[in-house]
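The next block holds one structure in the form of structure tokens; read it before the comments.
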Amino acid sequence: QVTGYLDDCTCDVETIDAFNNYKLFPRLNELLQSDYFRYYKVNLQKPCPFWEDSSHCGMRDCAVQPCPSDEVPDGIRAGSYKYSEEANSLAEECEEAKRLGAVDDSLSKETRQAVLQWAQHDDSSDSFCEADDIHSPDAEYVDLLLNPERYTGYKGPDAWKIWNSIYEENCFKPQNVKRPLASGRGESFIYLTEWVSRVCVEKRAFYRLISGLHASINIHLSARYLLQDSWSEKKWGPNVTEFQQRFDEALTSGEGPRRLKNLYFLYLIELRALSKVLPFFERPGFQLYTGNERQDAEMKHLLLEILHLAKSFPLHFDENSFFAGNKKEAAKLKEEFRLHFKNISKIMDCVGCFKCRLWGKLQTQGLGTALKILFSENLIEKIPESGPSYGFQLTRQEIVALFNAFGR
């Protein structure tokens with residue numbers, strides 16, 4: 001049902017589908033299977049900076065909160081609550097969410113030694129993301145192929161709280177506009193839709209990027225849903241009902257197709273960033289270093305092929321419409337834009353499921369890297385053909401996040 005032109009763009013859905021499905025994605029998918037792109041370093045232990053995590057399925061202890069009073073006898077404290085029906089169902093739901101949401105952090109000894117040798121660069125100061133301290137003892141490499149983005153059982157009030165915080169506090173949204181999310185599914189979006197059409201292109205774009213990211217995550221958990229969980233096998237696959245509840249026009253008061261169009265908008269923004277960053281990767285001195293010279297050379301060749309393909313796309317989003325007005329106002333808005341996005345990357349540390357947190361952090365860092373590229377055009381143009389690139393730099397983390405987020 002999603003067809004035709006996208007708002008704020010000269011591009012249409014059909015052109016993107018044909019370009020992505022037949023030309024770009026098969027190559028990108030091959031790139032993302034390689035060692036350089038499959039290992040992502042992340043700190044999943046950072047505490048939530050905005051609120052106390054009171055979720056009953058909190059990652060640190062998936063258990064019912066104990067009574068704080070020391071006066072309760074041990075026997076009663078241990079025995080009474082656990083037999084109640086509510087406690088049992090909570091515990092079961094918790095166990096399932098913990099099991100499905102757990103991150104497989106197993107890496108072979110060879111891989112651990114190899115990743116230690118990979119070159120690191122200092123994080124750039126003009127970052128759009130709250131970068132993890134990758135030198136922290138809590139940061140560890142995760143194999144993204146072993147931890148696919150899919151349904152984890154993370155749902156309910158805690159998941160709603162994350163998305164509400166993202167939309168309510170970070171989307172330039174005036175107080176009188178109805179929030180886009182509530183605990184129910186059949187909410188009305190009429191106020192929000194009217195507001196989006198009235199605001200300036202930058203604020204509208206910011207909202208649409210977040211909506212597109214939300215749509216992407218919801219599509220993946222609908223497409224890789226746990227359909228069967230028995231002792232003999234686990235079966236993952238498309239859950240059409242789940243998808244329809246989130247995107248069907250009739251079930252979402254007409255909002256579903258708009259959410260999907262925002263996903264295409266997100267795609268265009270990240271595609272544009274890839275087309276702009278080509279000079280950084282084209283330098284002879286740049287390599288996708290893993291220590292395997294033949295594979296590194298092959299992957300760099302494939303990477304450049306993908307970037308040249310991105311550049312050849314005929315209907316790119318024109319980011320020159322961003323921050324094009326009064327210089328002082330534009331600079332203020334750009335900084336606001338950056339800080340809003342940085343805040344969203346911090347909210348990802350409040351996600352109460354390890355696997356969701358991993359992919360949330362990776363995708364926000366990927367989008368933040370795309371925005372950094374789009375707003376660094378002058379610096380990228382000045383990159384010398386040989387020698388270090390002091391003006392514009394991407395860390396390995398940013399590179400891995402950028403391509404994996406685009407792959408999503």
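Identifiers in this document derive from the order of the structure tokens: chains are assigned A, B, ..., residues are numbered from 1 separately in each chain, and ligands are numbered from 1 in order of occurrence.
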Please list as a VMD selection string every residue within 7 Å of segment 234-249 of chain A, counting only C-alpha atoms and excluding residues in the same chain fewer than 6 positions away.
chain A and resid 219 222 to 228 255 to 257
For the interface of segment 303-365 of chain A with segment 393-397 of chain A (cut-off 12 Å, counting only C-alpha atoms), please tabulate each contacting residue of segment 303-365 of chain A alongside its nearest pair of atoms and their separation in Å to one decimal, rows sorted by chain and increasing number, as JSON lines.
{"residue": "A:Lys361", "atom": "CA", "partner": "A:Gln397", "partner_atom": "CA", "distance": 11.2}
{"residue": "A:Leu362", "atom": "CA", "partner": "A:Gln397", "partner_atom": "CA", "distance": 9.0}
{"residue": "A:Gln363", "atom": "CA", "partner": "A:Gln397", "partner_atom": "CA", "distance": 11.6}
{"residue": "A:Gln365", "atom": "CA", "partner": "A:Gln397", "partner_atom": "CA", "distance": 8.6}
If you keep N, CA, C and O atoms, can you produce a file of those selected residues as a JSON list (two decimals), in the first residue's frame?
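Contents of part.json, as written:
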[["chain", "number", "residue", "atom", "x", "y", "z"],
["A", 361, "LYS", "N", 21.44, 1.05, 20.35],
["A", 361, "LYS", "CA", 22.67, 1.86, 20.41],
["A", 361, "LYS", "C", 23.36, 1.88, 19.04],
["A", 361, "LYS", "O", 23.82, 2.91, 18.57],
["A", 362, "LEU", "N", 23.42, 0.71, 18.41],
["A", 362, "LEU", "CA", 24.10, 0.63, 17.11],
["A", 362, "LEU", "C", 23.39, 1.49, 16.06],
["A", 362, "LEU", "O", 24.02, 2.24, 15.31],
["A", 363, "GLN", "N", 22.05, 1.42, 16.03],
["A", 363, "GLN", "CA", 21.33, 2.15, 14.98],
["A", 363, "GLN", "C", 21.30, 3.66, 15.23],
["A", 363, "GLN", "O", 21.35, 4.44, 14.29],
["A", 365, "GLN", "N", 23.75, 5.24, 16.77],
["A", 365, "GLN", "CA", 25.11, 5.68, 16.41],
["A", 365, "GLN", "C", 25.27, 5.73, 14.89],
["A", 365, "GLN", "O", 25.91, 6.64, 14.35]]
Item checked: DSSP strand (DSSP E or B) residues within segment 177-354 of chain A, listed as a PyMOL selection string -> chain A and resi 225-229+234-237
Residue subset to file, keeping all heavy atoms, as a compact mmCIF listing (two decimals), in the first residue's frame:
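Saved to again.txt:
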# COMPACT_ATOMS: atom_id res chain seq x y z
N TYR A 225 9.84 -13.04 14.31
CA TYR A 225 9.05 -13.24 15.52
C TYR A 225 9.20 -14.69 15.98
O TYR A 225 9.38 -15.59 15.15
CB TYR A 225 7.57 -12.94 15.21
CG TYR A 225 6.77 -12.52 16.42
CD1 TYR A 225 6.74 -11.18 16.82
CD2 TYR A 225 6.04 -13.45 17.16
CE1 TYR A 225 6.00 -10.78 17.93
CE2 TYR A 225 5.30 -13.05 18.27
CZ TYR A 225 5.29 -11.72 18.65
OH TYR A 225 4.57 -11.33 19.75
N LEU A 226 9.12 -14.91 17.27
CA LEU A 226 9.22 -16.28 17.79
C LEU A 226 7.87 -16.97 17.59
O LEU A 226 6.93 -16.75 18.33
CB LEU A 226 9.60 -16.26 19.27
CG LEU A 226 9.87 -17.62 19.91
CD1 LEU A 226 11.03 -18.33 19.21
CD2 LEU A 226 10.17 -17.47 21.39
N LEU A 227 7.79 -17.80 16.53
CA LEU A 227 6.52 -18.45 16.18
C LEU A 227 6.34 -19.76 16.94
O LEU A 227 5.22 -20.17 17.21
CB LEU A 227 6.47 -18.72 14.67
CG LEU A 227 6.61 -17.48 13.77
CD1 LEU A 227 6.65 -17.91 12.31
CD2 LEU A 227 5.48 -16.49 14.00
N GLN A 228 7.44 -20.41 17.24
CA GLN A 228 7.34 -21.71 17.94
C GLN A 228 8.53 -21.85 18.87
O GLN A 228 9.67 -21.61 18.48
CB GLN A 228 7.35 -22.84 16.90
CG GLN A 228 7.18 -24.23 17.51
CD GLN A 228 7.33 -25.32 16.44
OE1 GLN A 228 7.04 -25.09 15.28
NE2 GLN A 228 7.78 -26.48 16.85
N ASP A 229 8.25 -22.20 20.12
CA ASP A 229 9.32 -22.35 21.09
C ASP A 229 9.08 -23.64 21.87
O ASP A 229 8.33 -23.67 22.83
CB ASP A 229 9.32 -21.14 22.04
CG ASP A 229 10.52 -21.15 22.98
OD1 ASP A 229 11.40 -22.01 22.80
OD2 ASP A 229 10.56 -20.32 23.89
N LYS A 234 13.28 -23.99 17.98
CA LYS A 234 12.76 -22.62 17.99
C LYS A 234 12.54 -22.23 16.53
O LYS A 234 13.40 -22.43 15.70
CB LYS A 234 13.79 -21.67 18.58
CG LYS A 234 13.73 -21.53 20.07
CD LYS A 234 14.65 -20.39 20.49
CE LYS A 234 14.68 -20.27 22.00
NZ LYS A 234 15.01 -21.54 22.65
N LYS A 235 11.38 -21.67 16.26
CA LYS A 235 11.10 -21.27 14.87
C LYS A 235 10.80 -19.77 14.84
O LYS A 235 9.90 -19.31 15.53
CB LYS A 235 9.91 -22.08 14.35
CG LYS A 235 9.69 -21.92 12.86
CD LYS A 235 8.51 -22.76 12.39
CE LYS A 235 8.19 -22.48 10.93
NZ LYS A 235 6.89 -23.06 10.54
N TRP A 236 11.61 -19.04 14.05
CA TRP A 236 11.42 -17.60 13.91
C TRP A 236 10.89 -17.32 12.51
O TRP A 236 11.28 -17.97 11.55
CB TRP A 236 12.75 -16.86 14.08
CG TRP A 236 13.45 -17.15 15.36
CD1 TRP A 236 14.27 -18.20 15.64
CD2 TRP A 236 13.38 -16.39 16.57
NE1 TRP A 236 14.72 -18.14 16.93
CE2 TRP A 236 14.19 -17.03 17.53
CE3 TRP A 236 12.70 -15.23 16.93
CZ2 TRP A 236 14.35 -16.55 18.82
CZ3 TRP A 236 12.86 -14.75 18.22
CH2 TRP A 236 13.66 -15.40 19.15
N GLY A 237 10.00 -16.35 12.40
CA GLY A 237 9.49 -16.02 11.07
C GLY A 237 8.54 -14.84 11.12
O GLY A 237 8.32 -14.23 12.17
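Omitting Thr152 of chain A and its sequence neighbours fewer than 3 positions away, and counting only C-alpha atoms, the residues within 8 Å are Ala97, Leu100, Gly101, Leu221, Cys353, Lys355 and Cys356 of chain A.
Relative to atom CA of Asn404 of chain A, atom CA of Asp138 of chain A is found at 22.2 Å.
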Pairwise distance, atom CA of Gly285 of chain A with atom CA of Ile306 of chain A, equals 18.7 Å
Could you pull the residues within 8 Å of Glu377 of chain A, counting only C-alpha atoms, minus those fewer than 4 positions along the same chain, as a CSV table (one decimal) with N, CA, C and O atoms, in the first residue's frame?
chain,number,residue,atom,x,y,z
A,276,LYS,N,28.2,10.9,0.1
A,276,LYS,CA,29.1,12.0,0.4
A,276,LYS,C,30.4,11.6,1.0
A,276,LYS,O,31.4,12.4,1.0
A,373,ILE,N,28.3,13.1,8.9
A,373,ILE,CA,28.8,13.2,7.5
A,373,ILE,C,28.1,14.3,6.7
A,373,ILE,O,28.8,15.1,6.1
A,381,GLU,N,35.4,17.5,1.7
A,381,GLU,CA,36.0,18.0,0.5
A,381,GLU,C,37.5,18.3,0.6
A,381,GLU,O,38.2,18.3,-0.4
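For the residues A:Ile166, A:Val13, A:Ala205, A:Ile399, ranking by smallest atom-to-atom distance to Phe50 of chain A using only C-alpha atoms places A:Ile166 first.
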| said: I want to know what sits within 9 Å of Tyr40 of chain A, based on only C-alpha atoms, with residues of the same chain fewer than 4 positions away left out; could you give that as an MDAnalysis selection string? | reply: chainID A and resid 36 140:144 362 396:397 400:401
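For Pro47 of chain A, the non-local neighbours within 10 Å, defined as residues at least 5 positions apart in the same chain or in other chains and counting only C-alpha atoms, are Glu52, Asp53, Lys346, Asp349, Cys350 and Val351 of chain A.
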Kindly export the residues of the current selection with N, CA and C atoms, as a JSON list (two decimals), in the first residue's frame.
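Everything below was put into selection.json:
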[["chain", "number", "residue", "atom", "x", "y", "z"],
["A", 52, "GLU", "N", 15.44, 5.84, 37.47],
["A", 52, "GLU", "CA", 15.80, 4.58, 38.11],
["A", 52, "GLU", "C", 15.14, 3.46, 37.33],
["A", 53, "ASP", "N", 15.89, 2.46, 36.96],
["A", 53, "ASP", "CA", 15.29, 1.36, 36.19],
["A", 53, "ASP", "C", 14.57, 0.42, 37.14],
["A", 346, "LYS", "N", 21.54, 8.66, 24.48],
["A", 346, "LYS", "CA", 21.67, 8.36, 25.91],
["A", 346, "LYS", "C", 20.48, 7.53, 26.40],
["A", 349, "ASP", "N", 20.53, 3.74, 26.77],
["A", 349, "ASP", "CA", 21.07, 3.07, 27.95],
["A", 349, "ASP", "C", 19.98, 2.76, 28.98],
["A", 350, "CYS", "N", 18.75, 3.15, 28.69],
["A", 350, "CYS", "CA", 17.64, 2.86, 29.60],
["A", 350, "CYS", "C", 16.82, 1.66, 29.11],
["A", 351, "VAL", "N", 17.17, 1.13, 27.94],
["A", 351, "VAL", "CA", 16.42, 0.00, 27.39],
["A", 351, "VAL", "C", 16.68, -1.24, 28.24]]
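Between atom CA of Ala273 of chain A and atom CA of Phe313 of chain A the interatomic distance comes to 12.1 Å.
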